[in-house]
Amino acid sequence: MPKPVRISLANKCQLLFGAAVVLILTAALAVGWLRMNTLVAEGQQETARKLANAWLNGKIELGSAITPADDAISPQGMEQGLTLSLIRKDEMDLMAADPFLAQAIERFQTRGERDEAFVADRDGKGQRVYRFARAIRKSDLSRIRGGAAAGFAPTIDATAFADPLEMVLLLQLHADMAERQLLLNRIYIVAAGLIAGLFAIALFWFITTRIILSPVRVLRDTAQRIAEGDLNSRADVNTGDEFQQLSETFNQMVTNLKNTQDQLRTTNKSLDLKLDQLAQSNVALYEANKVKGEFLANVSHELRTPLHSIVGFAEVLEETLKDRTGPVDDKRKRYIGNIIGSSRRLLDLINDLLDLAKIEAGRMEVRIAALSVADTLEGLVNLLRPQAEKQQIALLLTAPPNIPMVHTDAGKFQQVLFNFLSNAMKFTPAQGRITVQAAMIEEEFPGGEKRPAVQVSVSDTGPGIAPQLQEKIFEKFTQLDQTVTREHMGTGLGLAISRELARLLQGHIDLKSEPGKGATFSLIIPVAFPQRAAPLMPQEPRPTVAAV
């Protein structure tokens with residue numbers, strides 16, 4: 001595509017104003033030019049009319065030199081070259097070769113037409129000649145004779161138009177003086193037009209250059225310097241009109257821009273300092289988080305050993321007191337039961353903390369092996385069925401036999417589902433129902449690839465979870481219902497760990513719940529663990545994957 005031609009504002013103004021001046025002057029001079037030609041032609045027509053009247057009065061003879069006998073002929077007519085001829089009735093048919101005479105005779109012979117014809121023409125030498133034809137009718141002949149005898153000029157009235165045409169009087173005027181005056185007037189008109197045009201163009205050029213374009217150029221140059229980064233430039237326009245107002249507004253805008261830039265520069269310096277502080281704080285937090293993870297891992301590992309001993313010895317004492325009876329022994333049994341229960345809850349908390357620390361530190365290992373989903377679900381349901389019967393909760397299992405073997409980490413798969421079942425048992429009231437279902441689906445995993453997957457869902461008839469809180473329950477140490485949690489204990493780490501474990505298994509967790517309609521937690525994992533795991537977030541540690 002060709003690049004469009006760009007014309008500056010100065011050139012546009014000069015071209016447009018110049019064209020306007022030329023058009024206006026041309027139109028004005030053309031009117032004078034045409035009117036001057038009309039006036040000259042009308043003057044020559046009046047002169048020819050006087051000469052015709054002079055002939056009718058007998059003061060001019062055909063073929064004689066013009067010597068005015070009175071004032072009937074104007075002074076201009078005395079300088080004319082006159083040719084006067086008379087065309088009789090029997091000669092009119094021979095005038096068809098002369099277009100002017102033929103047209104004039106046709107008009108004279110038509111009833112109601114005027115008895116004069118006039119035209120400006122050129123003779124054989126190219127000189128201007130004015131031709132005038134006058135109709136002589138039958139009534140004119142008697143008036144000419146009577147008027148010549150009485151010594152007065154006859155008057156032709158409108159009634160004479162009805163008389164038959166007898167002769168045509170033809171006058172040809174060679175107006176040399178009029179021609180020279182016409183030429184001189186035209187020279188004056190052209191000269192005046194040129195002078196006026198040049199003066200007008202010069203005046204318009206001065207007006208556009210000094211009054212219009214000069215302030216615009218000042219504003220343009222100032223804007224260009226500002227665009228190059230010189231915010232100290234200002235436009236100096238003192239015209240006392242809109243250009244000065246525009247200049248003042250432009251200067252104020254530049255001042256505001258400079259102030260804003262200074263403020264932004266100061267703010268950027270402050271932000272740079274804060275960014276350095278935040279970077280240092282992030283490094284410190286990273287180090288502290290790393291130390292915290294190592295501390296939790298070490299402390300949790302060190303705490304589990306004595307807790308296992310406490311639970312073991314408490315169970316031994318419980319066995320020794322199983323067959324003994326008595327008030328003292330019953331109290332000891334109750335104390336030992338409290339020790340075992342508290343120790344196991346503390347052990348579960350330590351295990352959760354240890355898993356969380358391993359996940360955050362990137363030390364969690366994923367051991368891939370073939371797993372039967374149906375057998376795993378049946379084992380978990382049978383493990384929790386006594387507790388469900390104790391709480392009067394119906395525990396149902398639906399697992400189709402066509403579910404294939406799944407290659408995943410069995411321990412983490414069971415841990416996620418166990419957390420789902422534990423939460424369902426915790427929040428499902430008596431006479432409620434917990435349903436465990438498994439199904440084969442086609443799931444789109446990260447990367448846009450659809451692969452066969454297994455979906456295991458745990459549904460309960462508990463109070464449900466509001467939509468605005470469904471994401472919050474997966475946060476660490478977050479508990480929604482303090483009363484239920486206080487009754488059943490809990491730390492708020494189960495779902496947070498479950499989501500991370502599902503992610504390590506290259507799957508995800510789906511939650512569907514409405515207040516008052518229970519909740520359904522679903523674990524969706526691929527049937528075959530991908531050889532190339534989905535990419536983790538930047539700076540996140542990768543788990544260790546081992547095949548068994």
# chains A, B, ... in the order shown; residues from 1 in each chain; ligands from 1

call {"tool": "residues_around", "arguments": {"residues": "Met36 (chain A)", "least_positions_apart": "3", "cutoff": "9 Å", "atoms": "only C-alpha atoms", "output": "JSON, numbers by chain"}}
result
{"A": [31, 32, 33, 39, 40, 41, 182, 185, 186]}

call {"tool": "select_by_dssp", "arguments": {"residues": "region 156-239 of chain A", "states": "strand (DSSP E or B)", "output": "number ranges by chain"}}
result
A: 165-174

call {"tool": "residues_around", "arguments": {"residues": "region 92-99 of chain A", "least_positions_apart": "2", "cutoff": "12 Å", "atoms": "only C-alpha atoms", "output": "list of chain:residue names"}}
result
A:Leu86, A:Ile87, A:Arg88, A:Lys89, A:Asp90, A:Leu101, A:Ala102, A:Gln103, A:Ala104, A:Ile105, A:Glu106, A:Phe108, A:Gln109, A:Val119, A:Asp121, A:Arg131, A:Ala135, A:Leu165, A:Glu166, A:Met167, A:Val168, A:Leu169, A:Leu170

call {"tool": "write_last_selection", "arguments": {"atoms": "N, CA, C and O atoms", "output": "PDB file, in the first residue's frame"}}
result
ATOM      1  N   LEU A  86     -29.478  49.009 -48.367  1.00  0.00           N
ATOM      2  CA  LEU A  86     -30.915  48.793 -48.311  1.00  0.00           C
ATOM      3  C   LEU A  86     -31.240  47.542 -49.131  1.00  0.00           C
ATOM      4  O   LEU A  86     -30.835  47.420 -50.290  1.00  0.00           O
ATOM      5  N   ILE A  87     -31.954  46.624 -48.535  1.00  0.00           N
ATOM      6  CA  ILE A  87     -32.333  45.367 -49.190  1.00  0.00           C
ATOM      7  C   ILE A  87     -33.818  45.437 -49.479  1.00  0.00           C
ATOM      8  O   ILE A  87     -34.636  45.568 -48.561  1.00  0.00           O
ATOM      9  N   ARG A  88     -34.133  45.374 -50.787  1.00  0.00           N
ATOM     10  CA  ARG A  88     -35.527  45.491 -51.183  1.00  0.00           C
ATOM     11  C   ARG A  88     -36.225  44.135 -51.091  1.00  0.00           C
ATOM     12  O   ARG A  88     -35.606  43.101 -50.831  1.00  0.00           O
ATOM     13  N   LYS A  89     -37.529  44.195 -51.319  1.00  0.00           N
ATOM     14  CA  LYS A  89     -38.368  43.021 -51.125  1.00  0.00           C
ATOM     15  C   LYS A  89     -37.998  41.901 -52.084  1.00  0.00           C
ATOM     16  O   LYS A  89     -37.972  40.723 -51.692  1.00  0.00           O
ATOM     17  N   ASP A  90     -37.705  42.280 -53.333  1.00  0.00           N
ATOM     18  CA  ASP A  90     -37.387  41.243 -54.307  1.00  0.00           C
ATOM     19  C   ASP A  90     -35.978  40.674 -54.113  1.00  0.00           C
ATOM     20  O   ASP A  90     -35.614  39.684 -54.749  1.00  0.00           O
ATOM     21  N   LEU A 101     -28.777  38.122 -41.788  1.00  0.00           N
ATOM     22  CA  LEU A 101     -29.869  38.724 -42.554  1.00  0.00           C
ATOM     23  C   LEU A 101     -31.017  37.741 -42.728  1.00  0.00           C
ATOM     24  O   LEU A 101     -32.193  38.116 -42.644  1.00  0.00           O
ATOM     25  N   ALA A 102     -30.679  36.473 -42.965  1.00  0.00           N
ATOM     26  CA  ALA A 102     -31.749  35.489 -43.146  1.00  0.00           C
ATOM     27  C   ALA A 102     -32.594  35.371 -41.872  1.00  0.00           C
ATOM     28  O   ALA A 102     -33.831  35.329 -41.933  1.00  0.00           O
ATOM     29  N   GLN A 103     -31.933  35.326 -40.715  1.00  0.00           N
ATOM     30  CA  GLN A 103     -32.661  35.230 -39.449  1.00  0.00           C
ATOM     31  C   GLN A 103     -33.453  36.499 -39.167  1.00  0.00           C
ATOM     32  O   GLN A 103     -34.600  36.455 -38.700  1.00  0.00           O
ATOM     33  N   ALA A 104     -32.857  37.677 -39.473  1.00  0.00           N
ATOM     34  CA  ALA A 104     -33.557  38.946 -39.230  1.00  0.00           C
ATOM     35  C   ALA A 104     -34.783  39.067 -40.125  1.00  0.00           C
ATOM     36  O   ALA A 104     -35.865  39.471 -39.667  1.00  0.00           O
ATOM     37  N   ILE A 105     -34.662  38.701 -41.403  1.00  0.00           N
ATOM     38  CA  ILE A 105     -35.807  38.792 -42.327  1.00  0.00           C
ATOM     39  C   ILE A 105     -36.908  37.843 -41.882  1.00  0.00           C
ATOM     40  O   ILE A 105     -38.101  38.189 -41.923  1.00  0.00           O
ATOM     41  N   GLU A 106     -36.525  36.646 -41.443  1.00  0.00           N
ATOM     42  CA  GLU A 106     -37.546  35.690 -40.969  1.00  0.00           C
ATOM     43  C   GLU A 106     -38.286  36.243 -39.761  1.00  0.00           C
ATOM     44  O   GLU A 106     -39.500  36.113 -39.653  1.00  0.00           O
ATOM     45  N   PHE A 108     -38.618  39.482 -39.039  1.00  0.00           N
ATOM     46  CA  PHE A 108     -39.425  40.639 -39.445  1.00  0.00           C
ATOM     47  C   PHE A 108     -40.707  40.206 -40.127  1.00  0.00           C
ATOM     48  O   PHE A 108     -41.742  40.866 -40.015  1.00  0.00           O
ATOM     49  N   GLN A 109     -40.657  39.100 -40.862  1.00  0.00           N
ATOM     50  CA  GLN A 109     -41.832  38.632 -41.571  1.00  0.00           C
ATOM     51  C   GLN A 109     -42.823  37.930 -40.648  1.00  0.00           C
ATOM     52  O   GLN A 109     -43.952  37.681 -41.056  1.00  0.00           O
ATOM     53  N   VAL A 119     -26.274  42.367 -33.849  1.00  0.00           N
ATOM     54  CA  VAL A 119     -25.315  41.324 -33.540  1.00  0.00           C
ATOM     55  C   VAL A 119     -23.911  41.904 -33.655  1.00  0.00           C
ATOM     56  O   VAL A 119     -23.664  42.807 -34.458  1.00  0.00           O
ATOM     57  N   ASP A 121     -20.132  40.903 -34.653  1.00  0.00           N
ATOM     58  CA  ASP A 121     -19.560  39.871 -35.505  1.00  0.00           C
ATOM     59  C   ASP A 121     -18.138  40.279 -35.907  1.00  0.00           C
ATOM     60  O   ASP A 121     -17.630  41.322 -35.485  1.00  0.00           O
ATOM     61  N   ARG A 131     -23.476  44.762 -36.593  1.00  0.00           N
ATOM     62  CA  ARG A 131     -24.451  44.748 -37.688  1.00  0.00           C
ATOM     63  C   ARG A 131     -25.838  44.998 -37.105  1.00  0.00           C
ATOM     64  O   ARG A 131     -26.242  44.356 -36.126  1.00  0.00           O
ATOM     65  N   ALA A 135     -36.360  46.909 -40.037  1.00  0.00           N
ATOM     66  CA  ALA A 135     -37.443  46.571 -40.961  1.00  0.00           C
ATOM     67  C   ALA A 135     -38.121  47.848 -41.461  1.00  0.00           C
ATOM     68  O   ALA A 135     -38.438  48.746 -40.680  1.00  0.00           O
ATOM     69  N   LEU A 165     -43.753  43.656 -44.822  1.00  0.00           N
ATOM     70  CA  LEU A 165     -42.365  44.064 -44.925  1.00  0.00           C
ATOM     71  C   LEU A 165     -42.047  44.411 -46.361  1.00  0.00           C
ATOM     72  O   LEU A 165     -42.282  43.616 -47.282  1.00  0.00           O
ATOM     73  N   GLU A 166     -41.457  45.604 -46.588  1.00  0.00           N
ATOM     74  CA  GLU A 166     -41.109  46.057 -47.924  1.00  0.00           C
ATOM     75  C   GLU A 166     -39.602  46.043 -48.151  1.00  0.00           C
ATOM     76  O   GLU A 166     -39.125  45.604 -49.192  1.00  0.00           O
ATOM     77  N   MET A 167     -38.838  46.530 -47.149  1.00  0.00           N
ATOM     78  CA  MET A 167     -37.382  46.623 -47.286  1.00  0.00           C
ATOM     79  C   MET A 167     -36.729  46.392 -45.923  1.00  0.00           C
ATOM     80  O   MET A 167     -37.387  46.439 -44.881  1.00  0.00           O
ATOM     81  N   VAL A 168     -35.424  46.129 -45.945  1.00  0.00           N
ATOM     82  CA  VAL A 168     -34.618  45.979 -44.738  1.00  0.00           C
ATOM     83  C   VAL A 168     -33.420  46.901 -44.854  1.00  0.00           C
ATOM     84  O   VAL A 168     -32.663  46.811 -45.836  1.00  0.00           O
ATOM     85  N   LEU A 169     -33.265  47.760 -43.828  1.00  0.00           N
ATOM     86  CA  LEU A 169     -32.131  48.674 -43.782  1.00  0.00           C
ATOM     87  C   LEU A 169     -31.006  48.018 -42.992  1.00  0.00           C
ATOM     88  O   LEU A 169     -31.196  47.647 -41.831  1.00  0.00           O
ATOM     89  N   LEU A 170     -29.811  47.819 -43.569  1.00  0.00           N
ATOM     90  CA  LEU A 170     -28.677  47.134 -42.940  1.00  0.00           C
ATOM     91  C   LEU A 170     -27.566  48.134 -42.702  1.00  0.00           C
ATOM     92  O   LEU A 170     -27.133  48.816 -43.624  1.00  0.00           O
TER      93      LEU A 170
END

call {"tool": "closest_residue", "arguments": {"among": "A:Arg122, A:Lys12, A:Arg332, A:Lys450", "to": "Thr208 (chain A)", "atoms": "only C-alpha atoms"}}
result
A:Lys12

call {"tool": "closest_residue", "arguments": {"among": "A:Leu213, A:Leu219, A:Leu171, A:Val21", "to": "Leu194 (chain A)", "atoms": "only C-alpha atoms"}}
result
A:Val21
